[in-house]
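Visitor: Input: one structure, supplied below.
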Amino acid sequence: MTLLRVEGLTKSYVRKRNVFGQVIDRVEAVRDVSFSLGHGETLSIVGESGAGKSTVGRLILRLIEPDAGSVVLDGADIHAMSRATLRAHRCDMQMIFQDPFSSLDPRMDIGRSIEEPMLLHLGLSADERRARSLAVLKRVGLDESYARRLPSGLSGGQLQRVAIARALSLNPKIIVCDEPVAALDVSVRAQVLNLMSELQEEFGISYLFISHDLSIVRAISDRVAVMSKGQIKEIGATEQIFAEPQNDYTIELVRAIPAMAFG
Amino acid sequence: MQSDTLLQVRGLAVEFPIGGQWTRVVNDARLSLARGETLGLVGESGSGKSITSIAVLGLVSELGGRVARGSVRFDGEEVVGAKPGVLRRLRGQRIGMIFQQPGRSLNPAFTVGDHIAETIRRHRRVSRAEAWKRAVSLLDRVGIPRAAERADDYPHLFSGGMCQRVMIAMAISCEPKLLIADEPTTALDVTVQSKVLELLRELVRESGMAMLFISHDLTVVSEVTQRVAVMYAGQTVEVGTTRQIFSQPLHPYTKALLASIPGAGRQQRLKVIDGSIPPPTRIIPGCRFNPRCDCRLSDQCQSRPVELVEMPDERAVRCLRADLAVAS
Amino acid sequence: MRKAVYYAAVAVLAVVVMLAILAPWVAPYDPNAQDLLGRLQPYSAEHWFGTDEYGRDQLSRLIFGARVSLLAAVEVVAVSFLIGVPAGVLAGFFPGLVDGALSRVSDALMSVPSLVLALTIVAVLGQGLISAMFAVGIVFSPRFFRVARGSTYEVRQETFIEASFAIGCSWWRVAWRHVLPNAMSPLVVQMAVVLGAAITAEASLSFLGIGVQPPTASWGGMLASAYSNLFEAAYLIWAPGVAIAATVLAFTIIGDEARVVLGTRQPVGA
């Protein structure tokens, strides 16, 4: 049963206009991208910078409008609906961003940041919201006392957990993760990734994991889509892609992965 | 000090003002580098690895800090407390450095050729024409296609990988004895990374210069270096050859770092180091890794600071329970 | 040293505010009470700051004038803030046509000399303190517009704004709950500065006879009568002149201090 189906997603940006304001050069950020994602599955999109992976993530959440293509989440066409209906559907799809230090409002305490999605979508009383936010904080491994603190005192790993807690508070079906551990220290990455795996097992969340780090992708994904210059070059089961890459670009990418020289 | 030891850092402690108070960000750093050798300096944020390299260049006070203790000897000369004239001759001419974000290290108002030519003219008495010629040949050496034309281009026309090559060209333009590379490939894509590392290896081979390769990426370090020093929370915690560090790590932090590298294949759970890196402002009486260590030698480990025990052949470890018999 | 100056400015302001609030109890005379026999008296024990051409006690007029000045300043800031900030936030949020249109309006307002603009608006709205200060409020609104626009544009780029949209916030909520609180610092600084400028503006208009109408006591009005009696009673200039200068300076210093204090609000990450 497919949770997410993406067909022919396309987005280009204007690069140059002439004197009259007419467009003379466009850069195609995303070109005819199609893929599907099942329930409780992790699909990673890998590629180098400028490949268009982050743009795909944002298109799926409709944070940007596509030029063409469709995104169907659990039967609902994300791009065909009105803005109001879209806001209601935000419960089902959430996002975690790359920079943990700037993805939370620096003026709001952690508890309020986590409660905000609930405030917008669920008709809960203030007490109920508070209780849920504390519960979800606990679930991501942070003590209750964090709820009253401001983001400025927390480490990158802790902040990313808060971001996960905020995304989790609405019980989403899919979470788009845009390089969620790239900005974290190596010894902290595993903590966050493990947490994400646990949550996937417990809640059946699907992840669209965007990353340029192939070794992490290999360890946590069910399927991998390789992107370059706006297009998907190859897509398939993780081990298939890594062990027997078919596309030239994928081959080059896999070959470039540094291999541990000893041990 | 042996005659082939190029760089020796002993007992280095560096302080910076944090929140109005002088705080020790490097507590006890030790490393040594022989001529022509590549040493990897491994650590995460707060390890002090970048500050140590800045101390090697004598730039600590320029950045608002101070060296509280210790010595840095480069090619027989003491860097700590050296006169500005001595330091100026050191940098650029005998020590070159490349940084993590190549695009941001180049002045957008000058062409790429200007950058390199200026560096050359600062340290060598050559004419402008001569310096320019040399700049073009360097750009060619580092793999910039159509070097003569590209030398006239401004930095914004270069991609990340190309910018890093330009930085490398600048750094080696005066044939330094030591190249310090601080996370040179971290901001680059994986295919570009492998090419830049290849370039660095070639240059080291050709010129016989030593390289201090700073990174948090263990896999890359294992490919490039002969010896490794691991730093944690401002201290050197383990030193050894690359083979030793990777196949027989002694310090629990080194072991945990190695274990947390994702292996091949889908894994259920990655190995985790609980807790987080202590900020420099936190005072920990005993071993600084103890709060996260999975050993329970609590009393001994917590009561007093642990010394870096040095063994023959430049092997060293800062841990009370390290099995030293394994090392020898 | 900077702190000492700051505390002095706060003290001056505190005195002015207290005098304004407690005017009826503190002023020795009724500010409008005339005493034609005691006209143009220099400083004396009875009249600390002398009397004007109608024999009115200057000290009392100064104290009641403080009320006018402060109220005027507050009105100006309120008007310019309420016009400039929402427009600035809109412009920062919707670059393109919206920003283009609003910016051109703001540029147009700024290109006209402020006093001329104020006079024009007063001519339309009619005389009196309220309309005069409304006019001055419009004149100052481009300042708030520019600062709000720039701040909004900057905050807009932050990841948490995109995150707010991702969790389902509407434009309005993002602007009100997330952008504005984070954009406030430079706006607070502007408020302090504009308060000072507003006092000068009020004084200017009252001096010209446009703002506060006689016989109401105002610092600008006092300057006007001092001017017309320049040869007989030059000392009349001092009291209102120093009062205006000191108050404006106090606001400016506080504004400067606010800029320094609020300027470094971003915490440093690991």
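Just remember, in the structure tokens the first chain shown is A, the second B, etc., residues are 1-based per chain, and ligands are 1-based in the order shown.
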Tell me, as a list in words, which residues lie within 8 Å of segment 44-47 of chain C, counting only C-alpha atoms; anything in the same chain fewer than 4 positions away does not count.
Guide: Thr51, Asp57, Gln58 and Leu59 of chain C
Visitor: Could you write out the selected residues, including N, CA and C atoms, as a PDB file, in the first residue's frame?
Guide:
ATOM      1  N   THR C  51       9.102  85.613  33.821  1.00  0.00           N
ATOM      2  CA  THR C  51       7.755  85.619  33.239  1.00  0.00           C
ATOM      3  C   THR C  51       7.823  86.066  31.789  1.00  0.00           C
ATOM      4  N   ASP C  57       4.092  82.635  34.596  1.00  0.00           N
ATOM      5  CA  ASP C  57       5.293  82.043  35.165  1.00  0.00           C
ATOM      6  C   ASP C  57       5.883  80.995  34.215  1.00  0.00           C
ATOM      7  N   GLN C  58       7.161  81.173  33.882  1.00  0.00           N
ATOM      8  CA  GLN C  58       7.798  80.287  32.927  1.00  0.00           C
ATOM      9  C   GLN C  58       8.019  78.876  33.452  1.00  0.00           C
ATOM     10  N   LEU C  59       8.345  78.780  34.728  1.00  0.00           N
ATOM     11  CA  LEU C  59       8.584  77.449  35.294  1.00  0.00           C
ATOM     12  C   LEU C  59       7.315  76.612  35.183  1.00  0.00           C
TER      13      LEU C  59
END
Visitor: So that I can see what lies close to Tyr154 of chain B, please list as a ChimeraX atom specification the residues with an atom at most 8 Å from it, counting only C-alpha atoms and leaving out residues fewer than 4 positions away in the same chain.
Guide: /B:108-112,158
Visitor: Kindly save the residues from that selection, with N, CA and C atoms included, as a short mmCIF file (atom, residue, chain, number, x, y, z; two decimals), in the first residue's frame.
Guide:
data_model
loop_
_atom_site.label_atom_id
_atom_site.label_comp_id
_atom_site.auth_asym_id
_atom_site.auth_seq_id
_atom_site.Cartn_x
_atom_site.Cartn_y
_atom_site.Cartn_z
N PRO B 108 36.70 38.13 -2.63
CA PRO B 108 35.96 38.21 -3.90
C PRO B 108 36.38 39.36 -4.80
N ALA B 109 37.15 40.29 -4.25
CA ALA B 109 37.53 41.45 -5.06
C ALA B 109 38.80 41.24 -5.87
N PHE B 110 39.45 40.10 -5.67
CA PHE B 110 40.70 39.85 -6.40
C PHE B 110 40.60 38.60 -7.23
N THR B 111 41.29 38.59 -8.34
CA THR B 111 41.26 37.38 -9.15
C THR B 111 42.07 36.30 -8.46
N VAL B 112 41.80 35.11 -8.92
CA VAL B 112 42.46 33.94 -8.35
C VAL B 112 43.97 34.02 -8.55
N PHE B 158 34.20 30.03 -9.42
CA PHE B 158 34.75 28.70 -9.18
C PHE B 158 33.84 27.91 -8.26
#
Visitor: Among segment 40-98 of chain B, which ones does DSSP assign to helix (DSSP H, G or I) (computed from the backbone)? Answer as an NGL selection string.
Guide: :B and (49-56 or 61-63 or 84-90)
Visitor: Could you please tell me, as a PyMOL selection string, which residues of chain C have an atom within 12 Å of chain A when using only C-alpha atoms?
Guide: chain C and resi 155-171+173-174+177-184+265-270
Visitor: Contacts between chain B and chain A, please, where a residue of chain A counts if it comes within 10 Å (with only C-alpha atoms); show its shortest atom pair and distance in Å to one decimal, rows by chain and ascending number, as JSON lines.
Guide:
{"residue": "A:Gly47", "atom": "CA", "partner": "B:Asp189", "partner_atom": "CA", "distance": 8.6}
{"residue": "A:Glu48", "atom": "CA", "partner": "B:Asp189", "partner_atom": "CA", "distance": 5.6}
{"residue": "A:Ser49", "atom": "CA", "partner": "B:Asp189", "partner_atom": "CA", "distance": 6.7}
{"residue": "A:Ser155", "atom": "CA", "partner": "B:Ser276", "partner_atom": "CA", "distance": 8.1}
{"residue": "A:Gly156", "atom": "CA", "partner": "B:Ser276", "partner_atom": "CA", "distance": 9.6}
{"residue": "A:Gly157", "atom": "CA", "partner": "B:Ser276", "partner_atom": "CA", "distance": 8.1}
{"residue": "A:Gln158", "atom": "CA", "partner": "B:Ser276", "partner_atom": "CA", "distance": 9.2}
{"residue": "A:Leu184", "atom": "CA", "partner": "B:Ser45", "partner_atom": "CA", "distance": 9.1}
{"residue": "A:Asp185", "atom": "CA", "partner": "B:Glu44", "partner_atom": "CA", "distance": 6.0}
{"residue": "A:Val186", "atom": "CA", "partner": "B:Glu44", "partner_atom": "CA", "distance": 7.0}
{"residue": "A:Ser187", "atom": "CA", "partner": "B:Ile273", "partner_atom": "CA", "distance": 5.9}
{"residue": "A:Val188", "atom": "CA", "partner": "B:Ser276", "partner_atom": "CA", "distance": 7.0}
{"residue": "A:Arg189", "atom": "CA", "partner": "B:Val272", "partner_atom": "CA", "distance": 8.3}
{"residue": "A:Ala190", "atom": "CA", "partner": "B:Val272", "partner_atom": "CA", "distance": 5.4}
{"residue": "A:Gln191", "atom": "CA", "partner": "B:Val272", "partner_atom": "CA", "distance": 5.8}
{"residue": "A:Val192", "atom": "CA", "partner": "B:Val272", "partner_atom": "CA", "distance": 9.4}
{"residue": "A:Leu193", "atom": "CA", "partner": "B:Leu270", "partner_atom": "CA", "distance": 7.7}
{"residue": "A:Asn194", "atom": "CA", "partner": "B:Arg269", "partner_atom": "CA", "distance": 5.8}
{"residue": "A:Leu195", "atom": "CA", "partner": "B:Arg269", "partner_atom": "CA", "distance": 9.1}
{"residue": "A:Ser197", "atom": "CA", "partner": "B:Gln268", "partner_atom": "CA", "distance": 7.6}
{"residue": "A:Glu198", "atom": "CA", "partner": "B:Arg269", "partner_atom": "CA", "distance": 8.8}
{"residue": "A:His212", "atom": "CA", "partner": "B:Asp189", "partner_atom": "CA", "distance": 7.3}
{"residue": "A:Asp213", "atom": "CA", "partner": "B:Val190", "partner_atom": "CA", "distance": 8.0}
{"residue": "A:Leu214", "atom": "CA", "partner": "B:Val190", "partner_atom": "CA", "distance": 8.6}
{"residue": "A:Ser215", "atom": "CA", "partner": "B:Pro262", "partner_atom": "CA", "distance": 6.1}
{"residue": "A:Ile216", "atom": "CA", "partner": "B:Pro262", "partner_atom": "CA", "distance": 6.2}
{"residue": "A:Val217", "atom": "CA", "partner": "B:Arg266", "partner_atom": "CA", "distance": 8.9}
{"residue": "A:Arg218", "atom": "CA", "partner": "B:Gly265", "partner_atom": "CA", "distance": 6.1}
{"residue": "A:Ala219", "atom": "CA", "partner": "B:Arg266", "partner_atom": "CA", "distance": 4.4}
{"residue": "A:Ile220", "atom": "CA", "partner": "B:Arg266", "partner_atom": "CA", "distance": 5.7}
{"residue": "A:Ser221", "atom": "CA", "partner": "B:Arg266", "partner_atom": "CA", "distance": 6.9}
{"residue": "A:Asp222", "atom": "CA", "partner": "B:Arg266", "partner_atom": "CA", "distance": 7.7}
{"residue": "A:Thr238", "atom": "CA", "partner": "B:Arg266", "partner_atom": "CA", "distance": 8.0}
{"residue": "A:Glu239", "atom": "CA", "partner": "B:Gly265", "partner_atom": "CA", "distance": 6.7}
{"residue": "A:Phe242", "atom": "CA", "partner": "B:Gly265", "partner_atom": "CA", "distance": 9.1}
{"residue": "A:Ala243", "atom": "CA", "partner": "B:Gly265", "partner_atom": "CA", "distance": 9.8}
{"residue": "A:Glu252", "atom": "CA", "partner": "B:Thr191", "partner_atom": "CA", "distance": 7.4}
{"residue": "A:Leu253", "atom": "CA", "partner": "B:Thr191", "partner_atom": "CA", "distance": 6.1}
{"residue": "A:Val254", "atom": "CA", "partner": "B:Thr191", "partner_atom": "CA", "distance": 8.8}
{"residue": "A:Arg255", "atom": "CA", "partner": "B:Thr191", "partner_atom": "CA", "distance": 8.3}
{"residue": "A:Ala256", "atom": "CA", "partner": "B:Thr191", "partner_atom": "CA", "distance": 5.2}
{"residue": "A:Ile257", "atom": "CA", "partner": "B:Val190", "partner_atom": "CA", "distance": 6.5}
{"residue": "A:Pro258", "atom": "CA", "partner": "B:Val220", "partner_atom": "CA", "distance": 6.0}
{"residue": "A:Ala259", "atom": "CA", "partner": "B:Thr219", "partner_atom": "CA", "distance": 6.2}
{"residue": "A:Met260", "atom": "CA", "partner": "B:Thr219", "partner_atom": "CA", "distance": 5.0}
{"residue": "A:Ala261", "atom": "CA", "partner": "B:Ser222", "partner_atom": "CA", "distance": 5.5}
{"residue": "A:Phe262", "atom": "CA", "partner": "B:Phe246", "partner_atom": "CA", "distance": 6.0}
{"residue": "A:Gly263", "atom": "CA", "partner": "B:Ser247", "partner_atom": "CA", "distance": 4.7}
